[in-house]
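Listing of data-v3.cif; format and content: mmCIF, C-alpha atoms.
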```
data_entry
loop_
_atom_site.label_atom_id
_atom_site.label_comp_id
_atom_site.auth_asym_id
_atom_site.auth_seq_id
_atom_site.Cartn_x
_atom_site.Cartn_y
_atom_site.Cartn_z
CA MET A 1 75.45 113.54 96.51
CA ALA A 2 76.21 117.08 97.62
CA LEU A 3 74.28 119.98 96.18
CA PRO A 4 76.18 122.24 93.78
CA PHE A 5 77.17 125.66 95.04
CA PRO A 6 74.71 128.47 94.32
CA ILE A 7 75.28 130.57 91.20
CA ALA A 8 76.35 134.17 91.61
CA GLY A 9 73.67 136.76 91.09
CA SER A 10 74.26 140.46 90.55
CA LYS A 11 77.55 142.23 91.18
CA THR A 12 76.06 143.60 94.38
CA GLU A 13 75.07 140.14 95.59
CA LEU A 14 78.52 138.86 94.68
CA GLU A 15 80.33 141.59 96.59
CA GLU A 16 77.95 142.43 99.43
CA GLY A 17 75.94 139.27 99.76
CA GLY A 18 75.97 136.74 102.57
CA ILE A 19 75.77 133.73 100.25
CA PHE A 20 78.86 131.86 99.10
CA THR A 21 78.72 131.68 95.31
CA PRO A 22 82.23 130.63 94.25
CA ARG A 23 83.08 131.46 90.65
CA PHE A 24 84.99 128.68 88.98
CA ASP A 25 86.96 129.57 85.84
CA ARG A 26 86.42 128.11 82.36
CA ASP A 27 88.37 125.02 83.46
CA GLY A 28 86.09 124.63 86.46
CA LEU A 29 88.79 125.73 88.91
CA ILE A 30 89.17 128.36 91.61
CA GLY A 31 92.54 129.58 92.89
CA CYS A 32 93.44 129.17 96.57
CA ILE A 33 95.97 131.18 98.56
CA VAL A 34 97.07 129.01 101.46
CA THR A 35 98.49 130.54 104.63
CA ASP A 36 99.71 129.07 107.90
CA VAL A 37 97.23 129.96 110.62
CA ARG A 38 100.03 130.16 113.18
CA ASP A 39 101.92 133.10 111.67
CA GLY A 40 100.11 134.07 108.48
CA ALA A 41 102.96 132.97 106.20
CA VAL A 42 101.89 132.36 102.61
CA LEU A 43 102.67 128.69 102.04
CA MET A 44 101.40 127.89 98.56
CA PHE A 45 98.90 128.58 95.81
CA ALA A 46 96.80 125.80 94.36
CA TYR A 47 93.48 125.14 92.65
CA MET A 48 90.25 123.45 93.64
CA ASN A 49 87.48 122.18 91.45
CA GLU A 50 83.96 121.97 92.82
CA GLU A 51 84.49 118.46 94.22
CA ALA A 52 87.73 119.45 95.97
CA LEU A 53 86.06 122.47 97.52
CA ARG A 54 83.10 120.41 98.69
CA LEU A 55 85.37 117.75 100.19
CA THR A 56 87.46 120.42 101.90
CA LEU A 57 84.39 121.96 103.50
CA ASP A 58 82.87 118.62 104.46
CA THR A 59 86.02 117.05 105.93
CA GLY A 60 87.99 120.05 107.17
CA ILE A 61 91.05 118.74 105.32
CA ALA A 62 92.30 120.63 102.24
CA HIS A 63 91.70 118.92 98.91
CA TYR A 64 92.92 120.36 95.63
CA TRP A 65 92.83 119.69 91.91
CA SER A 66 96.19 118.95 90.38
CA ARG A 67 96.38 120.55 86.96
CA SER A 68 99.54 118.63 86.04
CA ARG A 69 98.14 115.24 87.06
CA GLN A 70 94.51 116.15 86.23
CA SER A 71 93.33 114.52 89.41
CA LEU A 72 91.86 115.23 92.80
CA TRP A 73 94.53 115.53 95.44
CA ARG A 74 94.24 115.41 99.20
CA LYS A 75 97.41 117.16 100.20
CA GLY A 76 99.52 115.24 102.67
CA ASP A 77 98.51 111.73 101.68
CA THR A 78 102.09 110.98 100.65
CA SER A 79 104.03 113.82 102.33
CA GLY A 80 102.23 113.84 105.66
CA GLN A 81 101.71 117.58 105.18
CA GLN A 82 97.97 117.33 105.61
CA GLN A 83 96.29 120.72 105.97
CA ARG A 84 93.61 121.12 108.62
CA LEU A 85 91.32 123.91 107.60
CA LYS A 86 90.96 126.62 110.23
CA GLU A 87 89.25 129.27 108.12
CA ILE A 88 88.29 129.87 104.53
CA ARG A 89 87.63 133.29 103.02
CA THR A 90 86.58 134.54 99.63
CA ASP A 91 87.43 137.79 97.92
CA CYS A 92 85.12 140.55 96.72
CA ASP A 93 84.22 138.91 93.43
CA GLN A 94 84.38 135.37 94.82
CA ASP A 95 86.87 133.99 92.32
CA VAL A 96 89.76 133.39 94.73
CA LEU A 97 89.83 131.68 98.12
CA LEU A 98 92.07 132.32 101.11
CA LEU A 99 92.65 129.28 103.32
CA ARG A 100 94.13 129.44 106.79
CA VAL A 101 95.43 126.00 107.62
CA GLU A 102 97.34 124.09 110.24
CA PRO A 103 99.91 122.08 108.29
CA GLY A 104 100.70 118.58 109.52
CA GLY A 105 103.88 116.53 109.23
CA ASP A 106 106.95 118.77 109.24
CA GLY A 107 104.74 121.87 108.94
CA GLY A 108 105.79 122.57 105.37
CA ALA A 109 103.82 122.75 102.15
CA CYS A 110 106.19 122.77 99.18
CA HIS A 111 107.00 119.58 97.28
CA THR A 112 110.64 120.74 97.08
CA GLY A 113 110.97 120.17 100.81
CA ARG A 114 110.79 123.80 101.82
CA ARG A 115 108.18 125.20 104.13
CA SER A 116 106.75 127.66 101.59
CA CYS A 117 106.68 127.53 97.80
CA PHE A 118 107.76 131.18 97.79
CA TYR A 119 111.40 130.48 98.68
CA ARG A 120 112.93 132.84 96.12
CA ARG A 121 112.76 136.59 95.81
CA LEU A 122 113.65 138.66 92.81
CA ALA A 123 116.96 140.47 92.92
CA PRO A 124 116.22 144.13 93.52
CA ALA A 125 118.08 145.60 90.54
CA PRO A 126 115.78 146.99 87.79
CA GLY A 127 115.71 144.76 84.74
CA SER A 128 117.43 141.95 86.58
CA ALA A 129 116.20 138.42 86.06
CA GLY A 130 117.97 137.03 89.11
CA LEU A 131 116.40 135.07 91.94
CA ILE A 132 117.75 134.93 95.46
CA PHE A 133 117.02 131.93 97.64
CA ASP A 134 115.82 132.80 101.10
CA GLU A 135 113.01 131.53 103.23
CA GLY A 136 111.97 135.12 104.02
CA MET B 137 111.87 148.49 74.52
CA ALA B 138 112.47 146.11 77.40
CA LEU B 139 113.71 142.63 76.72
CA PRO B 140 111.19 139.84 77.23
CA PHE B 141 111.62 137.62 80.27
CA PRO B 142 113.66 134.46 79.74
CA ILE B 143 111.80 131.26 78.93
CA ALA B 144 111.71 128.51 81.52
CA GLY B 145 114.03 125.57 80.91
CA SER B 146 113.83 122.23 82.64
CA LYS B 147 111.77 121.50 85.73
CA THR B 148 114.98 121.60 87.76
CA GLU B 149 115.91 125.02 86.38
CA LEU B 150 112.39 126.23 87.07
CA GLU B 151 112.40 125.06 90.67
CA GLU B 152 116.05 125.30 91.69
CA GLY B 153 117.40 127.89 89.29
CA GLY B 154 118.52 131.42 90.02
CA ILE B 155 116.93 132.89 86.89
CA PHE B 156 113.47 134.44 86.94
CA THR B 157 111.44 132.78 84.18
CA PRO B 158 107.83 133.73 84.90
CA ARG B 159 105.26 131.43 83.33
CA PHE B 160 102.32 133.35 81.93
CA ASP B 161 99.12 131.39 81.29
CA ARG B 162 97.39 130.92 77.93
CA ASP B 163 95.94 134.42 78.29
CA GLY B 164 99.40 135.84 78.89
CA LEU B 165 98.72 136.47 82.58
CA ILE B 166 100.32 135.53 85.89
CA GLY B 167 98.48 135.62 89.22
CA CYS B 168 99.73 137.86 92.03
CA ILE B 169 99.08 137.46 95.74
CA VAL B 170 99.46 140.91 97.31
CA THR B 171 100.32 141.30 100.99
CA ASP B 172 100.89 144.33 103.19
CA VAL B 173 104.58 144.45 104.09
CA ARG B 174 103.72 145.94 107.48
CA ASP B 175 101.84 142.98 108.91
CA GLY B 176 101.68 140.32 106.18
CA ALA B 177 97.91 140.65 105.70
CA VAL B 178 96.69 139.30 102.37
CA LEU B 179 95.15 142.32 100.66
CA MET B 180 94.12 141.15 97.20
CA PHE B 181 94.75 138.84 94.27
CA ALA B 182 95.24 140.26 90.78
CA TYR B 183 96.89 139.48 87.48
CA MET B 184 99.81 140.91 85.54
CA ASN B 185 100.65 140.53 81.90
CA GLU B 186 104.26 140.82 80.78
CA GLU B 187 104.04 144.60 80.36
CA ALA B 188 102.54 145.09 83.82
CA LEU B 189 105.24 142.95 85.39
CA ARG B 190 107.97 144.81 83.55
CA LEU B 191 106.53 148.19 84.58
CA THR B 192 106.20 147.03 88.18
CA LEU B 193 109.84 145.97 88.30
CA ASP B 194 111.10 149.09 86.52
CA THR B 195 109.08 151.64 88.51
CA GLY B 196 108.65 149.94 91.89
CA ILE B 197 104.90 150.67 91.70
CA ALA B 198 102.49 147.78 91.20
CA HIS B 199 100.85 147.57 87.78
CA TYR B 200 98.24 144.96 86.91
CA TRP B 201 96.15 143.74 84.00
CA SER B 202 92.43 144.22 84.46
CA ARG B 203 90.62 141.24 83.01
CA SER B 204 87.24 142.96 83.23
CA ARG B 205 88.42 146.15 81.53
CA GLN B 206 91.05 144.40 79.39
CA SER B 207 93.55 147.14 80.10
CA LEU B 208 96.74 147.90 81.94
CA TRP B 209 96.07 149.32 85.37
CA ARG B 210 98.39 151.15 87.71
CA LYS B 211 96.62 150.60 91.00
CA GLY B 212 95.98 153.80 92.93
CA ASP B 213 95.69 156.21 90.02
CA THR B 214 92.10 156.92 90.97
CA SER B 215 91.89 155.57 94.54
CA GLY B 216 95.22 156.84 95.83
CA GLN B 217 95.95 153.28 96.99
CA GLN B 218 99.21 153.11 95.08
CA GLN B 219 101.30 150.10 95.99
CA ARG B 220 105.02 150.58 96.50
CA LEU B 221 106.77 147.31 95.87
CA LYS B 222 108.95 146.17 98.74
CA GLU B 223 109.59 142.62 97.62
CA ILE B 224 108.47 140.23 94.94
CA ARG B 225 108.70 136.45 95.16
CA THR B 226 107.88 133.60 92.87
CA ASP B 227 106.75 130.09 93.71
CA CYS B 228 108.40 126.77 92.93
CA ASP B 229 107.05 126.48 89.40
CA GLN B 230 107.12 130.23 88.77
CA ASP B 231 103.49 130.63 87.77
CA VAL B 232 102.37 132.75 90.74
CA LEU B 233 103.93 135.86 92.28
CA LEU B 234 103.87 137.09 95.87
CA LEU B 235 104.15 140.87 96.24
CA ARG B 236 104.88 142.58 99.52
CA VAL B 237 103.75 146.16 99.15
CA GLU B 238 103.35 149.36 101.10
CA PRO B 239 99.86 150.60 100.25
CA GLY B 240 99.35 154.34 99.84
CA GLY B 241 96.26 156.45 100.45
CA ASP B 242 94.13 155.01 103.23
CA GLY B 243 96.24 151.85 103.26
CA GLY B 244 93.51 149.71 101.74
CA ALA B 245 93.35 147.70 98.56
CA CYS B 246 89.76 146.65 97.85
CA HIS B 247 87.55 148.63 95.49
CA THR B 248 84.64 148.10 97.92
CA GLY B 249 86.36 150.43 100.38
CA ARG B 250 87.63 147.72 102.70
CA ARG B 251 91.27 147.18 103.49
CA SER B 252 91.43 143.64 102.14
CA CYS B 253 89.36 141.95 99.45
CA PHE B 254 89.02 138.94 101.79
CA TYR B 255 86.44 140.54 104.08
CA ARG B 256 84.13 137.53 104.30
CA ARG B 257 84.70 134.11 105.79
CA LEU B 258 82.63 131.03 105.22
CA ALA B 259 80.28 130.04 108.00
CA PRO B 260 81.78 127.03 109.74
CA ALA B 261 78.82 124.63 109.42
CA PRO B 262 79.40 121.78 106.94
CA GLY B 263 77.43 122.26 103.74
CA SER B 264 76.59 125.83 104.62
CA ALA B 265 76.76 128.44 101.90
CA GLY B 266 76.79 131.36 104.30
CA LEU B 267 79.34 134.16 104.44
CA ILE B 268 80.17 136.16 107.53
CA PHE B 269 81.50 139.69 107.18
CA ASP B 270 84.55 140.40 109.28
CA GLU B 271 87.82 142.05 108.53
CA GLY B 272 89.72 139.08 109.97
#
```

What does the file become when written as structure tokens?
Amino acid sequence: MALPFPIAGSKTELEEGGIFTPRFDRDGLIGCIVTDVRDGAVLMFAYMNEEALRLTLDTGIAHYWSRSRQSLWRKGDTSGQQQRLKEIRTDCDQDVLLLRVEPGGDGGACHTGRRSCFYRRLAPAPGSAGLIFDEG
Amino acid sequence: MALPFPIAGSKTELEEGGIFTPRFDRDGLIGCIVTDVRDGAVLMFAYMNEEALRLTLDTGIAHYWSRSRQSLWRKGDTSGQQQRLKEIRTDCDQDVLLLRVEPGGDGGACHTGRRSCFYRRLAPAPGSAGLIFDEG
């Protein structure tokens, strides 16, 4: 049984400390920005609970918590798009993670079949609600 | 008075549609990954409410919602690190945004004085709770 992560101390310890004290939200989750280590492209955004984070650190393979399915999820088990963890970072207040991964399978991450989940940009006109598809 | 954003329809419309239907969470917020348009570096993660998103789109300057201060926040008003919006993307289920910005002032984004909020990486040893400072 793995030890729980340490609890954050003061604001100074949180921001300037050398101890990882991830801050999970009221649902017990922490958001993860996932980028491709090869070119820095932002692939996806997902959540981890404490177990998913522990498994990710212990195995080097990204695990997440699916909010829609309410279950632990090792990405790639069905798609082949397993993510090998190359680096994990935390932000100043330790409530978001940044993962740099090497995606397996076809190198993509989005369940729609595209490489990145961010395959649409907003049309530039002010007030417009249009989306333009491009892999940008 | 600006019109509210359209409401998301079916899963197919959400994922494959050409209409921007941002999904705010139960607190009325949507998460934003912010990258530097010059080199793609991930600078920060913040939240927008509907007003902040509308102001961002209408002015081309990033506005956020501060959860700690519970107030609208035009980044850079005190730091000079104003963010000019170059592109905004949404993910497959439209509950996260990806902003590509041109940061003003010293080009940084973090309130600690560093360029990026992600200035610490986890030490590579399994089970370790250590953080290593580097600007990555």

(request) Could you expand the PyMOL selection byres ((chain A) within 9 of (chain B)) into the explicit residues it covers here, written as a PyMOL selection string? (result) chain A and resi 2-3+5-6+15-21+33+40-42+44-45+54+57-60+87-93+96-98+110-112+116-133

(request) Considering all atoms listed in the file, state which residue in the set B:Gly243, B:Ser215, B:Arg162, B:Trp209 is at the smallest distance from Met184 in chain B. (result)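 The answer is B:Trp209, which sits nearest to Met184 in chain B.
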
Centre and edge lengths, as AutoDock Vina command-line options, for the axis-aligned box enclosing every listed atom of range 229-241 of chain B with 4 Å of padding on each of the six sides, in Å to one decimal?
```
--center_x 101.7 --center_y 141.5 --center_z 94.4 --size_x 18.9 --size_y 38.0 --size_z 21.3
```

(request) Find the distance between CA of Asp213 in chain B and CA of Cys168 in chain B and write it in Å to one decimal. (result) 18.9 Å

(request) Can you work out the spacing between CA of Leu189 in chain B and CA of Gln217 in chain B in Å, to one decimal? (result)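 Taking CA of Leu189 in chain B as the start and CA of Gln217 in chain B as the end point, the length is 18.1 Å.
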
(request) Within 9 Å of Gln82 in chain A, counting only C-alpha atoms, which residues show up once you throw out same-chain ones fewer than 5 positions away? Write them as a PyMOL selection string, please. (result) chain A and resi 61-62+74-77+102-105+107+109

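A straight line drawn from CA of Ala8 in chain A to CA of Ala52 in chain A is 19.1 Å long.
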